[in-house]
Amino acid sequence: MPGTCRPGAPPVAAMISVEEAFACYARHIQPLPAHTVPLMEAAGACLAAAAHAAVDLPPFGQSAMDGYALLSAWTQAAAPEHPVTLPVTGASHPGCRPPELGETPAAIRILTGAALPEGSDTIVPQENVSCDGTSIILHQPVNPGRHIRRRAEELHAGTVLATSGTRLTPALQAALAAAGVGQVSIHRRPRVWLLVTGDELCLPGQSRSPFQVFDAATTLVHGWLAQQGLALSGWRSIPDDLDQLSAALDEALGAGDLVLTTGGASVGDRDHLKAALQRCGMTLHIRTVAQKPGKPLVFAGRSAAGSPCQLLGLPGNPAAMLVCLASHGRLVVGHLEGARGTTLWHHGALTDDITPVPGKTCWLRVHGQVQPNGLLVLEPLAGQASHMLANANRANALARIPPGDSILPAGTVVPFTMLA
């Protein structure tokens, strides 16, 4: 029958499971080279070597309160009917050498974070004393060790603060900065190229022929990369032409660490990606994955001397593209960046009955929210077809439904990853 096969098309390879695809990425992708950068420039990157504290924290004894430093023994006779009065003989401010307390009963004015004066063993908060400008009056004794941050009570110099493969969050960067770390060794973040294929596409805002559709792929990939802290190094829109796709691929593979393509990954008459990859000397590791949506997913690599490059060929339908970016794409980027533990998954309970797909992992766009009782629930949304994105206003998570033949009842706990 006409249209049932494409002359000369290669046989369709057996689908691999999602788990096998994930294992394939770990097996074939090596982290990008490491380099040393100032800590301030490393936001979002992954450490290529452990980061150690350069100083004790705190680096010296400090006050934890605004108040007065003194020797607790001088206050033991204080009582409401017999207050103790101590002259204020100096002040200790943050960043300055503190005065010594001396042997005569007295107090030192001290601010939070200032160094503890030698001879003192406690801090009295300012709200716990009466002050006449030159002296403080105490109406009860003070115990030693109060409101003092001891040197190295948090950590000692040399302590490992973060191991290789840890992603640098703002909080972790701040912790490293506080410990005196000025530079870190990180894996270079990937240079990403995007090739969008399809004769039917036109850019939003341009005039459209009656049978064209607007290109959602470029906006989707660009925005998704921005969420990962990445930017496109290059982008091109390619018609469904083998020669043009091969030339564009060759250029992108020579300039990038990761090439993302959209469309052209299936087995239609105008799906040229696999043939173009062969022309460009790429090794095809994944041809198709047992998942819905996103079955036509391609993963290939090239190990040219000095310029290895990975390619992830995404489906052309925008919802399938989103699903593959959130699951497969995040893992691929994580492996390139040297991220330790590229686990994506949390767990939540389904709010509705779900029918799995036999033999395929089903990716379900859901709205995840925490109920008043603390249970995280996943509400499946309408419009799950691979070309539909209208539920994007509520879809904040992607549930992973395992292959099966039996209905999963509401309340079933399943893994999910965040979409935003």
# chains A, B, ... in the order shown; residues from 1 in each chain; ligands from 1

call {"tool": "residues_around", "arguments": {"residues": "A:Asp56", "least_positions_apart": "5", "cutoff": "10 Å", "atoms": "only C-alpha atoms", "output": "MDAnalysis selection string"}}
result
chainID A and resid 151:159 178:180

call {"tool": "write_last_selection", "arguments": {"atoms": "N, CA and C atoms", "output": "JSON list (two decimals), in the first residue's frame"}}
result
[["chain", "number", "residue", "atom", "x", "y", "z"],
["A", 151, "ARG", "N", 35.59, 30.16, 69.44],
["A", 151, "ARG", "CA", 36.39, 29.95, 68.25],
["A", 151, "ARG", "C", 36.25, 28.51, 67.77],
["A", 152, "ALA", "N", 35.98, 28.33, 66.46],
["A", 152, "ALA", "CA", 35.87, 27.03, 65.79],
["A", 152, "ALA", "C", 34.71, 26.19, 66.29],
["A", 153, "GLU", "N", 33.72, 26.81, 66.97],
["A", 153, "GLU", "CA", 32.59, 25.99, 67.42],
["A", 153, "GLU", "C", 31.76, 25.48, 66.24],
["A", 154, "GLU", "N", 31.81, 26.18, 65.09],
["A", 154, "GLU", "CA", 31.10, 25.69, 63.91],
["A", 154, "GLU", "C", 31.95, 24.70, 63.12],
["A", 155, "LEU", "N", 33.18, 25.07, 62.85],
["A", 155, "LEU", "CA", 34.08, 24.17, 62.11],
["A", 155, "LEU", "C", 35.52, 24.66, 62.26],
["A", 156, "HIS", "N", 36.45, 23.74, 61.97],
["A", 156, "HIS", "CA", 37.87, 24.04, 62.01],
["A", 156, "HIS", "C", 38.40, 24.28, 60.59],
["A", 157, "ALA", "N", 39.47, 25.05, 60.48],
["A", 157, "ALA", "CA", 40.13, 25.24, 59.19],
["A", 157, "ALA", "C", 40.49, 23.87, 58.62],
["A", 158, "GLY", "N", 40.28, 23.70, 57.31],
["A", 158, "GLY", "CA", 40.54, 22.43, 56.66],
["A", 158, "GLY", "C", 39.34, 21.53, 56.53],
["A", 159, "THR", "N", 38.24, 21.87, 57.22],
["A", 159, "THR", "CA", 37.02, 21.07, 57.11],
["A", 159, "THR", "C", 36.49, 21.09, 55.68],
["A", 178, "ALA", "N", 32.29, 32.76, 53.79],
["A", 178, "ALA", "CA", 32.50, 32.98, 55.22],
["A", 178, "ALA", "C", 33.70, 32.20, 55.74],
["A", 179, "ALA", "N", 33.99, 31.08, 55.10],
["A", 179, "ALA", "CA", 35.12, 30.25, 55.52],
["A", 179, "ALA", "C", 36.41, 30.62, 54.81],
["A", 180, "GLY", "N", 36.41, 31.75, 54.10],
["A", 180, "GLY", "CA", 37.64, 32.26, 53.51],
["A", 180, "GLY", "C", 37.99, 31.68, 52.16]]

call {"tool": "select_by_dssp", "arguments": {"residues": "stretch 175-272 of chain A", "states": "strand (DSSP E)", "output": "PyMOL selection string"}}
result
chain A and resi 183-187+192-197+201-202+213-214+232-238+258-262

call {"tool": "residues_around", "arguments": {"residues": "A:Asn396", "least_positions_apart": "4", "cutoff": "10 Å", "atoms": "only C-alpha atoms", "output": "VMD selection string"}}
result
chain A and resid 365 to 369 378 391 to 392 417 to 420

call {"tool": "write_last_selection", "arguments": {"atoms": "C-alpha atoms", "output": "PDB file, in the first residue's frame"}}
result
ATOM      1  CA  ARG A 365       1.879  16.743  33.640  1.00  0.00           C
ATOM      2  CA  VAL A 366       0.424  17.468  37.062  1.00  0.00           C
ATOM      3  CA  HIS A 367      -0.207  20.258  39.517  1.00  0.00           C
ATOM      4  CA  GLY A 368       1.647  19.439  42.717  1.00  0.00           C
ATOM      5  CA  GLN A 369       0.628  21.042  45.981  1.00  0.00           C
ATOM      6  CA  LEU A 378      -0.310  15.408  42.355  1.00  0.00           C
ATOM      7  CA  ASN A 391      -2.138  23.295  30.690  1.00  0.00           C
ATOM      8  CA  ALA A 392       1.243  24.986  31.186  1.00  0.00           C
ATOM      9  CA  THR A 417      10.199  15.930  39.094  1.00  0.00           C
ATOM     10  CA  MET A 418       9.578  19.661  39.029  1.00  0.00           C
ATOM     11  CA  LEU A 419       8.836  21.447  35.780  1.00  0.00           C
ATOM     12  CA  ALA A 420       9.577  24.909  37.173  1.00  0.00           C
TER      13      ALA A 420
END

call {"tool": "residues_around", "arguments": {"residues": "A:Glu19", "least_positions_apart": "5", "cutoff": "10 Å", "atoms": "only C-alpha atoms", "output": "VMD selection string"}}
result
chain A and resid 24 289 to 290 361

call {"tool": "closest_atom_pairs", "arguments": {"of": "stretch 144-252 of chain A", "to": "stretch 264-288 of chain A", "cutoff": "10 Å", "atoms": "only C-alpha atoms", "output": "Markdown table"}}
result
| residue | atom | partner | partner_atom | distance |
| --- | --- | --- | --- | --- |
| A:Val196 | CA | A:Gly264 | CA | 9.1 |
| A:Thr197 | CA | A:Gly264 | CA | 6.6 |
| A:Gly198 | CA | A:Gly264 | CA | 7.5 |
| A:Asp199 | CA | A:Arg270 | CA | 9.6 |
| A:Pro239 | CA | A:Arg270 | CA | 9.6 |
| A:Asp240 | CA | A:Arg270 | CA | 5.9 |
| A:Asp241 | CA | A:His272 | CA | 7.2 |
| A:Leu242 | CA | A:His272 | CA | 5.6 |
| A:Asp243 | CA | A:Ala276 | CA | 7.8 |
| A:Gln244 | CA | A:Ala276 | CA | 9.2 |
| A:Leu245 | CA | A:Ala276 | CA | 6.6 |
| A:Ser246 | CA | A:Ala276 | CA | 4.8 |
| A:Ala247 | CA | A:Ala276 | CA | 8.5 |
| A:Ala248 | CA | A:Ala276 | CA | 9.6 |
| A:Leu249 | CA | A:Cys280 | CA | 7.3 |
| A:Asp250 | CA | A:Cys280 | CA | 6.1 |
| A:Glu251 | CA | A:Cys280 | CA | 9.8 |

call {"tool": "closest_residue", "arguments": {"among": "A:Ala115, A:Leu39, A:Gln30, A:Val88", "to": "A:Ser63", "atoms": "only C-alpha atoms"}}
result
A:Ala115

call {"tool": "residues_around", "arguments": {"residues": "A:Leu408", "least_positions_apart": "2", "cutoff": "8 Å", "atoms": "only C-alpha atoms", "output": "list in words"}}
result
Asp353, Ile354, Thr355, Pro356, Ser406, Ala410 and Thr412 of chain A

call {"tool": "write_last_selection", "arguments": {"atoms": "N, CA and C atoms", "output": "PDB file, in the first residue's frame"}}
result
ATOM      1  N   ASP A 353      -7.502   8.342  39.762  1.00  0.00           N
ATOM      2  CA  ASP A 353      -7.090   7.060  39.187  1.00  0.00           C
ATOM      3  C   ASP A 353      -6.356   7.316  37.875  1.00  0.00           C
ATOM      4  N   ILE A 354      -5.306   6.556  37.618  1.00  0.00           N
ATOM      5  CA  ILE A 354      -4.532   6.697  36.383  1.00  0.00           C
ATOM      6  C   ILE A 354      -4.356   5.322  35.753  1.00  0.00           C
ATOM      7  N   THR A 355      -4.562   5.276  34.444  1.00  0.00           N
ATOM      8  CA  THR A 355      -4.341   4.038  33.694  1.00  0.00           C
ATOM      9  C   THR A 355      -2.965   4.080  33.049  1.00  0.00           C
ATOM     10  N   PRO A 356      -2.042   3.215  33.467  1.00  0.00           N
ATOM     11  CA  PRO A 356      -0.697   3.209  32.863  1.00  0.00           C
ATOM     12  C   PRO A 356      -0.747   2.769  31.396  1.00  0.00           C
ATOM     13  N   SER A 406      -2.487  -2.430  35.094  1.00  0.00           N
ATOM     14  CA  SER A 406      -3.525  -2.230  36.095  1.00  0.00           C
ATOM     15  C   SER A 406      -3.662  -0.758  36.457  1.00  0.00           C
ATOM     16  N   ALA A 410      -6.363   6.434  42.954  1.00  0.00           N
ATOM     17  CA  ALA A 410      -6.037   7.687  43.634  1.00  0.00           C
ATOM     18  C   ALA A 410      -5.398   7.380  44.973  1.00  0.00           C
ATOM     19  N   THR A 412      -2.160   6.549  45.129  1.00  0.00           N
ATOM     20  CA  THR A 412      -0.908   5.859  44.821  1.00  0.00           C
ATOM     21  C   THR A 412       0.233   6.854  44.826  1.00  0.00           C
TER      22      THR A 412
END

call {"tool": "atom_distance", "arguments": {"atom1": "atom CA of A:Ala78", "atom2": "atom CA of A:Glu103"}}
result
18.7 Å
